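Shown next: query_26.tsv, containing TSV, N, CA and C atoms.
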```tsv
chain	number	residue	atom	x	y	z
F	1	MET	N	-1.89	183.91	47.69
F	1	MET	CA	-2.85	182.88	48.00
F	1	MET	C	-3.43	182.32	46.70
F	2	ALA	N	-3.75	181.06	46.69
F	2	ALA	CA	-4.31	180.44	45.49
F	2	ALA	C	-5.71	180.99	45.23
F	3	GLN	N	-6.07	181.02	43.98
F	3	GLN	CA	-7.42	181.45	43.63
F	3	GLN	C	-8.41	180.39	44.09
F	4	ALA	N	-9.65	180.81	44.34
F	4	ALA	CA	-10.67	179.91	44.89
F	4	ALA	C	-10.81	178.63	44.08
F	5	GLY	N	-10.73	178.72	42.76
F	5	GLY	CA	-10.90	177.54	41.92
F	5	GLY	C	-9.74	176.56	42.03
F	6	ASN	N	-8.60	177.01	42.51
F	6	ASN	CA	-7.41	176.16	42.60
F	6	ASN	C	-7.18	175.60	44.00
F	7	SER	N	-7.99	175.96	44.98
F	7	SER	CA	-7.74	175.52	46.34
F	7	SER	C	-8.48	174.22	46.65
F	8	VAL	N	-7.95	173.47	47.58
F	8	VAL	CA	-8.55	172.21	48.02
F	8	VAL	C	-8.59	172.21	49.54
F	9	ASN	N	-9.48	171.42	50.10
F	9	ASN	CA	-9.52	171.23	51.54
F	9	ASN	C	-8.58	170.10	51.92
F	10	VAL	N	-7.87	170.27	53.02
F	10	VAL	CA	-6.99	169.24	53.55
F	10	VAL	C	-7.46	168.97	54.97
F	11	ASN	N	-7.72	167.72	55.28
F	11	ASN	CA	-8.20	167.35	56.61
F	11	ASN	C	-7.16	166.47	57.30
F	12	PHE	N	-6.88	166.78	58.55
F	12	PHE	CA	-6.00	165.92	59.34
F	12	PHE	C	-6.36	166.10	60.81
F	13	ARG	N	-5.97	165.13	61.62
F	13	ARG	CA	-6.28	165.16	63.05
F	13	ARG	C	-5.16	165.88	63.79
F	14	LEU	N	-5.57	166.66	64.79
F	14	LEU	CA	-4.61	167.43	65.59
F	14	LEU	C	-5.16	167.51	67.00
F	15	ASP	N	-4.32	167.40	67.99
F	15	ASP	CA	-4.73	167.55	69.38
F	15	ASP	C	-5.46	168.88	69.55
F	16	ALA	N	-6.61	168.86	70.22
F	16	ALA	CA	-7.46	170.05	70.34
F	16	ALA	C	-6.74	171.20	71.04
F	17	GLN	N	-6.00	170.91	72.11
F	17	GLN	CA	-5.31	171.97	72.84
F	17	GLN	C	-4.16	172.55	72.01
F	18	LEU	N	-3.46	171.69	71.29
F	18	LEU	CA	-2.39	172.17	70.41
F	18	LEU	C	-2.96	173.10	69.35
F	19	LYS	N	-4.08	172.69	68.74
F	19	LYS	CA	-4.72	173.52	67.72
F	19	LYS	C	-5.09	174.88	68.28
F	20	LYS	N	-5.71	174.90	69.47
F	20	LYS	CA	-6.10	176.16	70.09
F	20	LYS	C	-4.88	177.03	70.36
F	21	ASN	N	-3.83	176.44	70.92
F	21	ASN	CA	-2.61	177.20	71.24
F	21	ASN	C	-2.00	177.81	69.98
F	22	VAL	N	-1.94	177.03	68.91
F	22	VAL	CA	-1.36	177.51	67.65
F	22	VAL	C	-2.26	178.59	67.03
F	23	GLU	N	-3.57	178.39	67.10
F	23	GLU	CA	-4.48	179.41	66.59
F	23	GLU	C	-4.31	180.73	67.34
F	24	ASP	N	-4.13	180.64	68.66
F	24	ASP	CA	-3.91	181.85	69.46
F	24	ASP	C	-2.62	182.56	69.04
F	25	ILE	N	-1.57	181.80	68.83
F	25	ILE	CA	-0.29	182.38	68.39
F	25	ILE	C	-0.45	183.02	67.02
F	26	CYS	N	-1.11	182.31	66.11
F	26	CYS	CA	-1.35	182.85	64.77
F	26	CYS	C	-2.13	184.16	64.85
F	27	SER	N	-3.15	184.20	65.69
F	27	SER	CA	-3.97	185.39	65.86
F	27	SER	C	-3.12	186.57	66.33
F	28	GLN	N	-2.20	186.31	67.26
F	28	GLN	CA	-1.30	187.36	67.74
F	28	GLN	C	-0.41	187.88	66.61
F	29	MET	N	-0.16	187.04	65.62
F	29	MET	CA	0.68	187.42	64.49
F	29	MET	C	-0.15	187.99	63.34
F	30	GLY	N	-1.47	188.09	63.54
F	30	GLY	CA	-2.33	188.67	62.52
F	30	GLY	C	-2.70	187.73	61.39
F	31	MET	N	-2.70	186.44	61.66
F	31	MET	CA	-3.08	185.47	60.62
F	31	MET	C	-3.89	184.35	61.26
F	32	ASN	N	-4.41	183.49	60.41
F	32	ASN	CA	-5.12	182.32	60.92
F	32	ASN	C	-4.28	181.07	60.66
F	33	LEU	N	-4.77	179.95	61.15
F	33	LEU	CA	-4.02	178.70	61.02
F	33	LEU	C	-3.85	178.31	59.55
F	34	THR	N	-4.86	178.53	58.74
F	34	THR	CA	-4.76	178.20	57.30
F	34	THR	C	-3.61	178.97	56.65
F	35	THR	N	-3.50	180.26	56.97
F	35	THR	CA	-2.41	181.07	56.41
F	35	THR	C	-1.05	180.55	56.88
F	36	ALA	N	-0.95	180.23	58.17
F	36	ALA	CA	0.31	179.71	58.71
F	36	ALA	C	0.71	178.40	58.02
F	37	LEU	N	-0.25	177.50	57.84
F	37	LEU	CA	0.06	176.23	57.19
F	37	LEU	C	0.39	176.43	55.71
F	38	THR	N	-0.25	177.40	55.07
F	38	THR	CA	0.07	177.71	53.68
F	38	THR	C	1.49	178.24	53.57
F	39	ILE	N	1.89	179.11	54.50
F	39	ILE	CA	3.26	179.63	54.52
F	39	ILE	C	4.24	178.48	54.68
F	40	PHE	N	3.95	177.58	55.62
F	40	PHE	CA	4.80	176.41	55.84
F	40	PHE	C	4.95	175.60	54.56
F	41	CYS	N	3.84	175.31	53.89
F	41	CYS	CA	3.86	174.49	52.67
F	41	CYS	C	4.62	175.18	51.53
F	42	LYS	N	4.42	176.50	51.39
F	42	LYS	CA	5.14	177.23	50.33
F	42	LYS	C	6.64	177.23	50.59
F	43	LYS	N	7.03	177.40	51.85
F	43	LYS	CA	8.45	177.39	52.20
F	43	LYS	C	9.04	176.00	51.95
F	44	MET	N	8.28	174.97	52.29
F	44	MET	CA	8.73	173.60	52.04
F	44	MET	C	8.90	173.35	50.55
F	45	GLU	N	7.96	173.86	49.76
F	45	GLU	CA	8.04	173.71	48.30
F	45	GLU	C	9.27	174.42	47.75
F	46	GLN	N	9.55	175.63	48.23
F	46	GLN	CA	10.70	176.40	47.76
F	46	GLN	C	12.03	175.73	48.12
F	47	GLU	N	12.14	175.27	49.37
F	47	GLU	CA	13.41	174.74	49.87
F	47	GLU	C	13.56	173.23	49.68
F	48	ARG	N	12.44	172.57	49.35
F	48	ARG	CA	12.43	171.11	49.16
F	48	ARG	C	12.92	170.38	50.42
F	49	ARG	N	12.52	170.92	51.57
F	49	ARG	CA	12.86	170.32	52.87
F	49	ARG	C	11.91	170.89	53.91
F	50	ILE	N	11.88	170.29	55.08
F	50	ILE	CA	11.13	170.88	56.18
F	50	ILE	C	11.91	172.12	56.61
F	51	PRO	N	11.25	173.29	56.67
F	51	PRO	CA	11.99	174.54	56.84
F	51	PRO	C	12.43	174.87	58.27
F	52	PHE	N	12.69	173.85	59.05
F	52	PHE	CA	13.26	174.04	60.38
F	52	PHE	C	13.90	172.73	60.79
F	53	GLU	N	14.78	172.80	61.79
F	53	GLU	CA	15.49	171.62	62.24
F	53	GLU	C	14.60	170.79	63.17
F	54	ILE	N	14.60	169.49	62.97
F	54	ILE	CA	13.86	168.58	63.83
F	54	ILE	C	14.89	167.69	64.52
F	55	THR	N	14.90	167.74	65.85
F	55	THR	CA	15.85	166.94	66.60
F	55	THR	C	15.17	166.36	67.83
F	56	ALA	N	15.77	165.34	68.37
F	56	ALA	CA	15.34	164.84	69.68
F	56	ALA	C	15.86	165.84	70.71
F	57	ASP	N	15.31	165.79	71.92
F	57	ASP	CA	15.80	166.69	72.96
F	57	ASP	C	17.30	166.48	73.12
F	58	PRO	N	18.07	167.53	72.90
F	58	PRO	CA	19.52	167.38	73.02
F	58	PRO	C	19.94	167.21	74.47
F	59	ASP	N	21.05	166.54	74.66
F	59	ASP	CA	21.62	166.39	75.99
F	59	ASP	C	22.16	167.75	76.41
F	60	PRO	N	21.67	168.32	77.53
F	60	PRO	CA	22.12	169.66	77.93
F	60	PRO	C	23.62	169.74	78.19
F	61	PHE	N	24.27	168.61	78.46
F	61	PHE	CA	25.72	168.62	78.66
F	61	PHE	C	26.43	169.16	77.42
F	62	TYR	N	25.88	168.87	76.23
F	62	TYR	CA	26.53	169.27	74.99
F	62	TYR	C	26.01	170.60	74.44
F	63	SER	N	25.27	171.36	75.24
F	63	SER	CA	24.79	172.66	74.78
F	63	SER	C	25.99	173.58	74.55
F	64	GLU	N	25.82	174.56	73.66
F	64	GLU	CA	26.91	175.48	73.36
F	64	GLU	C	27.39	176.21	74.60
F	65	SER	N	26.46	176.66	75.43
F	65	SER	CA	26.86	177.42	76.62
F	65	SER	C	27.64	176.54	77.59
F	66	ASN	N	27.25	175.29	77.77
F	66	ASN	CA	27.98	174.41	78.68
F	66	ASN	C	29.35	174.06	78.12
F	67	LEU	N	29.44	173.83	76.82
F	67	LEU	CA	30.75	173.52	76.22
F	67	LEU	C	31.69	174.71	76.35
F	68	ARG	N	31.17	175.94	76.17
F	68	ARG	CA	32.01	177.13	76.36
F	68	ARG	C	32.49	177.22	77.81
F	69	HIS	N	31.58	176.93	78.75
F	69	HIS	CA	31.92	176.96	80.18
F	69	HIS	C	33.03	175.95	80.47
F	70	LEU	N	32.90	174.73	79.95
F	70	LEU	CA	33.91	173.70	80.19
F	70	LEU	C	35.24	174.06	79.55
F	71	GLU	N	35.21	174.64	78.34
F	71	GLU	CA	36.46	175.06	77.69
F	71	GLU	C	37.16	176.14	78.51
F	72	LYS	N	36.39	177.08	79.06
F	72	LYS	CA	36.96	178.14	79.90
F	72	LYS	C	37.58	177.53	81.15
F	73	LYS	N	36.90	176.57	81.76
F	73	LYS	CA	37.45	175.90	82.95
F	73	LYS	C	38.75	175.17	82.62
F	74	MET	N	38.80	174.53	81.44
F	74	MET	CA	40.05	173.84	81.04
F	74	MET	C	41.17	174.85	80.81
F	75	GLU	N	40.86	175.99	80.21
F	75	GLU	CA	41.88	177.05	80.04
F	75	GLU	C	42.41	177.48	81.41
F	76	ASP	N	41.49	177.72	82.34
F	76	ASP	CA	41.89	178.13	83.69
F	76	ASP	C	42.72	177.05	84.37
F	77	TYR	N	42.34	175.79	84.19
F	77	TYR	CA	43.09	174.68	84.78
F	77	TYR	C	44.51	174.63	84.22
F	78	ARG	N	44.63	174.70	82.91
F	78	ARG	CA	45.96	174.64	82.27
F	78	ARG	C	46.84	175.83	82.67
F	79	ALA	N	46.22	176.98	82.93
F	79	ALA	CA	46.96	178.18	83.30
F	79	ALA	C	47.18	178.27	84.81
F	80	GLY	N	46.68	177.29	85.55
F	80	GLY	CA	46.85	177.29	87.00
F	80	GLY	C	45.93	178.26	87.73
F	81	ARG	N	44.90	178.73	87.08
F	81	ARG	CA	43.97	179.69	87.69
F	81	ARG	C	42.75	179.02	88.32
F	82	LEU	N	42.56	177.74	88.08
F	82	LEU	CA	41.36	177.07	88.57
F	82	LEU	C	41.58	176.60	90.00
F	83	LYS	N	40.71	177.01	90.89
F	83	LYS	CA	40.78	176.61	92.30
F	83	LYS	C	39.98	175.32	92.46
F	84	LEU	N	40.66	174.27	92.87
F	84	LEU	CA	40.01	172.98	93.08
F	84	LEU	C	39.92	172.72	94.58
F	85	ALA	N	38.84	172.13	95.01
F	85	ALA	CA	38.65	171.81	96.43
F	85	ALA	C	37.95	170.47	96.55
F	86	GLU	N	38.30	169.73	97.59
F	86	GLU	CA	37.63	168.48	97.86
F	86	GLU	C	36.27	168.75	98.49
F	87	HIS	N	35.33	167.87	98.24
F	87	HIS	CA	34.01	167.99	98.85
F	87	HIS	C	33.43	166.60	99.05
F	88	ASP	N	32.46	166.52	99.93
F	88	ASP	CA	31.78	165.25	100.17
F	88	ASP	C	30.84	164.98	98.99
F	89	LEU	N	30.68	163.71	98.66
F	89	LEU	CA	29.74	163.35	97.63
F	89	LEU	C	28.32	163.57	98.11
F	90	LEU	N	27.48	164.02	97.25
F	90	LEU	CA	26.08	164.25	97.59
F	90	LEU	C	25.25	163.03	97.24
F	91	GLU	N	24.38	162.65	98.11
F	91	GLU	CA	23.46	161.54	97.85
F	91	GLU	C	22.17	162.10	97.28
F	92	GLU	N	21.63	161.47	96.27
F	92	GLU	CA	20.33	161.90	95.72
F	92	GLU	C	19.22	161.11	96.33
```

Rewrite the coordinates I just gave you, this time as structure tokens.
Amino acid sequence: MAQAGNSVNVNFRLDAQLKKNVEDICSQMGMNLTTALTIFCKKMEQERRIPFEITADPDPFYSESNLRHLEKKMEDYRAGRLKLAEHDLLEE
């Protein structure tokens, strides 16, 4: 941690419920929000990037588990093991 003479206050706006939720999580981990944000900043400084992946919500069709499922079904289809049956279309 920085020495008292080297520290500065940083102010920013945050949704009140988000702040409370994150403070609760930090407390469960034995730290406060200031410590968590300091860890984040130090990691960012070391790696020169945001230390986690930021993405839009991925399409679940392309999830790893679904792609593995589809690959297995294609293997079964090619090997003649896949049972196909006709069905009525479902209306939503």

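Taking atom C of F:Cys26 as the reference point, atom CA of F:Arg48 is found at 25.1 Å.
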
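Atom C of F:Thr34 to atom N of F:Asn11 spans 12.1 Å [interatomic distance, one decimal].
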
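For the pair atom C of F:Ile50 and atom CA of F:Ala36, the interatomic distance is 14.0 Å.
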
Q. How would you write, as a count of residues only, the set of residues in chain F that DSSP gives as helix (DSSP H, G or I)?
A. 49

Each side padded by 8 Å, which centre and which edge lengths in Å (one decimal) define the axis-aligned box around the listed atoms of stretch 47-53 of chain F? Give them as JSON.
```
{"center_x": 13.3, "center_y": 172.8, "center_z": 56.2, "size_x": 20.4, "size_y": 21.0, "size_z": 30.0}
```

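The shortest atom-to-atom distance to F:Asn9, with only C-alpha atoms taken into account, belongs to F:Thr38 out of F:Thr38, F:Thr55, F:Gln46, F:Ser63.
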